[in-house]
Each structure stands twice: as C-alpha cells, then as structure tokens.
file structure-v8.txt (compact mmCIF, C-alpha atoms)
# COMPACT_ATOMS: atom_id res chain seq x y z
CA MET C 10 50.29 109.32 58.35
CA GLU C 11 52.26 106.58 56.63
CA ASP C 12 54.91 107.40 54.03
CA GLU C 13 53.80 106.88 50.47
CA ALA C 14 56.00 106.25 47.43
CA GLU C 15 55.24 105.72 43.78
CA VAL C 16 55.45 102.23 42.39
CA VAL C 17 57.83 101.95 39.48
CA VAL C 18 56.95 98.38 38.60
CA ALA C 19 53.61 96.60 38.84
CA SER C 20 51.35 99.59 39.04
CA LEU C 21 49.78 102.43 37.21
CA PRO C 22 51.57 105.76 37.44
CA ASP C 23 50.69 107.77 40.53
CA THR C 24 49.43 104.72 42.41
CA PRO C 25 50.36 105.11 46.06
CA VAL C 26 52.05 102.29 47.91
CA LYS C 27 51.67 101.73 51.59
CA SER C 28 54.75 101.35 53.73
CA SER C 29 56.43 97.99 54.27
CA GLU C 30 53.85 97.44 57.02
CA GLU C 31 51.28 96.65 54.35
CA SER C 32 49.65 93.27 54.92
CA PRO C 33 50.03 90.51 52.34
CA GLN C 34 46.29 90.69 51.69
CA ALA C 35 46.49 94.44 51.03
CA LYS C 36 49.41 93.86 48.64
CA LEU C 37 47.38 91.19 46.86
CA PHE C 38 44.45 93.59 46.40
CA ARG C 39 46.85 96.29 45.15
CA PHE C 40 48.41 93.92 42.58
CA SER C 41 44.96 92.94 41.34
CA LYS C 42 43.83 96.58 41.11
CA ASN C 43 46.97 97.53 39.20
CA ILE C 44 46.55 94.67 36.71
CA SER C 45 42.86 95.49 36.21
CA GLY C 46 43.70 99.15 35.68
CA LEU C 47 46.35 98.34 33.10
CA LYS C 48 44.03 95.99 31.24
CA ASN C 49 41.33 98.66 31.03
CA ASN C 50 43.61 101.59 30.26
CA GLY C 51 43.88 103.17 26.82
CA GLY C 52 47.09 104.45 25.33
CA ASN C 53 50.15 103.08 23.59
CA PRO C 54 49.52 99.31 23.48
CA GLY C 55 53.20 98.38 23.43
CA THR C 56 53.93 100.43 26.53
CA LEU C 57 50.80 99.17 28.32
CA LEU C 58 51.64 95.56 27.51
CA ALA C 59 55.18 95.99 28.84
CA LYS C 60 53.75 97.53 32.05
CA LEU C 61 51.25 94.68 32.26
CA GLY C 62 54.15 92.23 31.96
CA ASP C 63 55.89 94.08 34.80
CA ALA C 64 52.70 93.87 36.90
CA TYR C 65 52.23 90.15 36.25
CA LEU C 66 55.87 89.49 37.09
CA ALA C 67 55.75 91.50 40.31
CA ALA C 68 52.58 89.69 41.42
CA GLN C 69 54.17 86.29 40.71
CA ARG C 70 57.34 87.21 42.59
CA PHE C 71 55.24 88.42 45.52
CA MET C 72 53.43 85.07 45.60
CA ASP C 73 56.78 83.28 45.37
CA SER C 74 58.04 85.28 48.35
CA ALA C 75 55.42 83.67 50.60
CA ARG C 76 57.66 80.91 51.88
CA ASP C 77 55.20 79.52 54.42
CA PRO C 78 52.92 77.09 52.55
CA GLU C 79 49.95 77.99 54.76
CA GLU C 80 50.39 81.73 54.13
CA ARG C 81 50.75 81.10 50.40
CA GLN C 82 47.58 79.00 50.38
CA LYS C 83 45.70 81.75 52.26
CA LEU C 84 46.76 84.26 49.61
CA LEU C 85 45.72 81.91 46.80
CA ASP C 86 42.35 81.31 48.48
CA LEU C 87 41.88 85.06 48.97
CA SER C 88 42.73 85.60 45.31
CA ASP C 89 40.23 82.95 44.21
CA ASN C 90 37.43 84.05 46.52
CA GLY C 91 37.86 87.72 45.68
CA ASP C 92 38.19 87.18 41.92
CA LEU C 93 41.50 89.01 42.10
CA LEU C 94 43.66 89.24 39.00
CA LEU C 95 47.16 88.04 39.68
CA GLY C 96 50.02 87.29 37.40
CA SER C 97 52.26 84.43 36.54
CA TYR C 98 55.56 84.02 34.77
CA GLU C 99 53.70 82.72 31.73
CA GLN C 100 51.37 85.73 31.65
CA ALA C 101 54.30 88.12 32.07
CA ALA C 102 56.16 86.47 29.17
CA TRP C 103 52.96 86.59 27.08
CA ALA C 104 52.46 90.32 27.75
CA TYR C 105 56.11 91.09 26.92
CA LYS C 106 55.89 89.05 23.71
CA LEU C 107 52.79 90.98 22.69
CA ALA C 108 54.66 94.21 23.45
CA LEU C 109 57.36 93.06 21.01
CA ASN C 110 54.73 93.18 18.25
CA PHE C 111 54.74 96.96 18.70
CA ASN C 112 58.51 97.34 19.18
CA HIS C 113 60.40 94.23 18.05
CA ARG C 114 63.72 96.05 18.45
CA SER C 115 63.38 96.40 22.22
CA ALA C 116 66.43 94.62 23.56
CA GLU C 117 65.27 95.29 27.13
CA THR C 118 62.01 93.44 26.51
CA HIS C 119 63.83 90.49 24.94
CA LEU C 120 66.12 90.38 27.96
CA LYS C 121 63.17 90.50 30.40
CA ILE C 122 61.60 87.54 28.59
CA GLY C 123 64.91 85.66 28.79
CA LYS C 124 65.10 86.30 32.53
CA ILE C 125 61.52 85.10 33.01
CA TYR C 126 62.28 81.88 31.16
CA ASP C 127 65.33 81.46 33.39
CA GLU C 128 63.11 81.83 36.47
CA MET C 129 60.85 79.17 34.94
CA LYS C 130 63.93 76.92 34.46
CA ASP C 131 63.49 76.94 30.66
CA GLY C 132 67.10 77.30 29.57
CA GLN C 133 66.52 76.96 25.84
CA ASN C 134 64.09 79.89 25.65
CA ALA C 135 66.07 81.91 28.20
CA LEU C 136 69.18 81.61 26.01
CA MET C 137 67.30 82.39 22.82
CA TYR C 138 65.81 85.64 24.15
CA ALA C 139 69.05 86.67 25.87
CA LYS C 140 70.95 86.17 22.60
CA LEU C 141 68.33 88.20 20.70
CA ALA C 142 68.72 91.00 23.25
CA HIS C 143 72.51 90.84 22.87
CA GLN C 144 72.24 91.14 19.08
CA ILE C 145 69.99 94.18 19.36
CA PHE C 146 72.26 95.84 21.93
CA LYS C 147 75.18 95.16 19.57
CA ARG C 148 73.32 96.69 16.61
CA ASN C 149 72.56 99.75 18.74
CA HIS C 150 76.22 100.02 19.87
CA ASN C 151 75.21 99.74 23.53
CA SER C 152 78.41 98.22 24.91
CA SER C 153 77.50 98.35 28.60
CA GLN C 154 74.25 96.46 28.01
CA MET C 155 76.09 94.05 25.68
CA LYS C 156 78.54 93.18 28.47
CA GLU C 157 75.75 92.71 31.01
CA THR C 158 73.75 90.56 28.59
CA GLN C 159 76.83 88.51 27.65
CA SER C 160 77.41 87.82 31.35
CA PHE C 161 73.81 86.62 31.60
CA ILE C 162 74.27 84.42 28.51
CA ASP C 163 77.45 82.93 30.01
CA LEU C 164 75.57 82.23 33.25
CA LEU C 165 72.76 80.56 31.31
CA ASN C 166 75.21 78.46 29.27
CA THR C 167 76.81 77.22 32.47
CA LYS C 168 73.50 76.71 34.26
CA TYR C 169 71.80 74.83 31.42
CA LYS C 170 74.85 73.14 29.87
CA ASN C 171 73.37 69.64 30.01
CA GLN C 172 70.10 70.82 28.44
CA SER C 173 71.77 72.33 25.40
CA GLU C 174 74.19 69.54 24.59
CA LYS C 175 73.00 67.15 21.90
CA LYS C 176 73.71 63.53 22.68
CA TRP C 177 74.73 61.49 19.66
CA CYS C 178 74.71 57.73 19.66
CA THR C 179 75.85 55.30 17.03
CA LYS C 180 74.24 51.93 16.37
CA ASP C 181 74.91 49.79 13.35
CA ASN C 182 76.88 52.63 11.70
CA ILE C 183 73.86 54.99 11.94
CA SER C 184 74.22 58.13 14.06
CA PHE C 185 71.16 59.61 15.68
CA ILE C 186 70.19 62.09 18.38
CA VAL C 187 68.84 60.57 21.59
CA GLY C 188 65.18 61.47 22.03
CA VAL C 189 64.41 61.72 18.30
CA THR C 190 62.25 58.98 16.82
CA ILE C 191 62.63 58.08 13.18
CA SER C 192 60.41 55.55 11.51
CA THR C 193 62.68 53.03 9.81
CA SER C 194 59.96 52.27 7.28
CA SER C 195 60.55 55.68 5.70
CA ILE C 196 64.31 55.22 5.27
CA CYS C 197 65.55 53.74 1.99
CA ASN C 198 68.89 51.98 1.68
CA SER C 199 70.00 54.65 -0.80
CA ASP C 200 69.44 57.28 1.94
CA LEU C 201 71.98 55.49 4.12
CA GLU C 202 74.72 55.05 1.52
CA VAL C 203 77.77 57.17 2.02
call {"tool": "encode", "arguments": {"input": "structure-v8.txt", "output": "structure tokens"}}
result
Amino acid sequence: MEDEAEVVVASLPDTPVKSSEESPQAKLFRFSKNISGLKNNGGNPGTLLAKLGDAYLAAQRFMDSARDPEERQKLLDLSDNGDLLLGSYEQAAWAYKLALNFNHRSAETHLKIGKIYDEMKDGQNALMYAKLAHQIFKRNHNSSQMKETQSFIDLLNTKYKNQSEKKWCTKDNISFIVGVTISTSSICNSDLEV
C-alpha cells in the first residue's frame, strides 16, 4: 500500500495524500474536493477562509508547475469539463482578505497577501501588505518575524523600484506627475501663484 501523509496546506484536516506518484489529474480532483469541502464546512469563518486561501494558492501553484503548455491545457480542460473548483492568486488574496475581517491583527495573513501580490507582479500591493505585516509584528514584539518581513520588504523595494518612483516633470514652471491628467479649465491663475 502507498504511503499516506496529511496535507498541511490546501486540504481539510485528515485528508490523505497519495504519494508523489499521484497523477496530475488525481491532484486536480483532490484540490477541487478540498476547496469544495472548505466552502461547505462550518466552523470559525476566519480560520476557514485562511485555509481556503491556502487551498486556492496551492491549486494555482500546482497549475503553474505544469510547464508543458499541452499538459497545462489538458488540466484546464479537465477542470472545465469536470466542473472542478480550482483556485487562483486573486481568489487566494480574496479569501485571505476576508479572513482579515475576523482577525485584522494577523500579521501572517497580511504577509501571505503581500507574497501573493508579489507572485502576481503587483509591487504596490505587495509592499503595502508586507509593511502592514511588519508593523503588526513590531507591535507584537516579534523580532524574528520583523527581520524576515523587513528582508522581504527590501527585496520588494529593489524588485519594484521603478514602479514606486514618482516621475516629476516641469513645463512652463508647473510641476506635475507623469500619468496624472489635470484639466486646465479647472485651474485658476490664483491657484498657480507662489
């Protein structure tokens, strides 16, 4: 008989996992079953939503791991044809954000959301949630998590440096931010006097 282990992420407690020999299709069915079970389970909503976020994230990462475009398309077709529930980064972030409604002081959840936004290449939101997590860790005097989160923030600042820099231009002695449109009909001369 194959070895079985408990899934820590992306499943209900006590859900057996097949060995690494499990086919991609079987994994897909397991992800869908786990997500369905979490959605229909009673209990602490904050905890369930965080677990649902974990399940959505694990399903998305599994789909991302299918490097062969044909294999990925087969999995997507199987998902569609079987009405399987899968996750996405957006759904994972949504579930975690809903979980924050029940525990807004969860630095770990803020950090997870920041990491999801980083995976989605959304530096602005990644930084915002990472900084919120850092503040909460600081308030809770959790220095090891503060250091880890600060390292992540530094990485994000480096990675998304060009996104976060505001570009100022000057034309006719008026400074403005590139990408912002201002109707000149609403500006009075007295507004421009220094």
call {"tool": "residues_near_point", "arguments": {"input": "structure-v8.txt", "point": "(44.8, 90.9, 46.3)", "cutoff": "10 Å", "atoms": "all atoms listed in the file", "output": "list of chain:residue names"}}
result
C:Pro33, C:Gln34, C:Ala35, C:Lys36, C:Leu37, C:Phe38, C:Arg39, C:Phe40, C:Ser41, C:Lys42, C:Asn43, C:Ala68, C:Leu84, C:Leu85, C:Leu87, C:Ser88, C:Asp89, C:Gly91, C:Asp92, C:Leu93, C:Leu94, C:Leu95
call {"tool": "atom_distance", "arguments": {"input": "structure-v8.txt", "atom1": "CA of Ser152 (chain C)", "atom2": "CA of Ala59 (chain C)"}}
result
23.7 Å
call {"tool": "closest_atom_pairs", "arguments": {"input": "structure-v8.txt", "of": "region 70-147 of chain C", "to": "region 53-57 of chain C", "cutoff": "12 Å", "atoms": "all atoms listed in the file", "output": "JSON lines"}}
result
{"residue": "C:Ala104", "atom": "CA", "partner": "C:Leu57", "partner_atom": "CA", "distance": 9.0}
{"residue": "C:Tyr105", "atom": "CA", "partner": "C:Gly55", "partner_atom": "CA", "distance": 8.6}
{"residue": "C:Lys106", "atom": "CA", "partner": "C:Gly55", "partner_atom": "CA", "distance": 9.7}
{"residue": "C:Leu107", "atom": "CA", "partner": "C:Gly55", "partner_atom": "CA", "distance": 7.4}
{"residue": "C:Ala108", "atom": "CA", "partner": "C:Gly55", "partner_atom": "CA", "distance": 4.4}
{"residue": "C:Leu109", "atom": "CA", "partner": "C:Gly55", "partner_atom": "CA", "distance": 7.2}
{"residue": "C:Asn110", "atom": "CA", "partner": "C:Gly55", "partner_atom": "CA", "distance": 7.5}
{"residue": "C:Phe111", "atom": "CA", "partner": "C:Gly55", "partner_atom": "CA", "distance": 5.2}
{"residue": "C:Asn112", "atom": "CA", "partner": "C:Gly55", "partner_atom": "CA", "distance": 6.9}
{"residue": "C:His113", "atom": "CA", "partner": "C:Gly55", "partner_atom": "CA", "distance": 9.9}
{"residue": "C:Arg114", "atom": "CA", "partner": "C:Gly55", "partner_atom": "CA", "distance": 11.9}
{"residue": "C:Ser115", "atom": "CA", "partner": "C:Gly55", "partner_atom": "CA", "distance": 10.4}
{"residue": "C:Thr118", "atom": "CA", "partner": "C:Gly55", "partner_atom": "CA", "distance": 10.6}
call {"tool": "atom_distance", "arguments": {"input": "structure-v8.txt", "atom1": "CA of Asp63 (chain C)", "atom2": "CA of Ala101 (chain C)"}}
result
6.7 Å
call {"tool": "closest_residue", "arguments": {"input": "structure-v8.txt", "among": "C:Asn50, C:Gln69, C:Thr158, C:Gln82", "to": "Tyr138 (chain C)", "atoms": "only C-alpha atoms"}}
result
C:Thr158
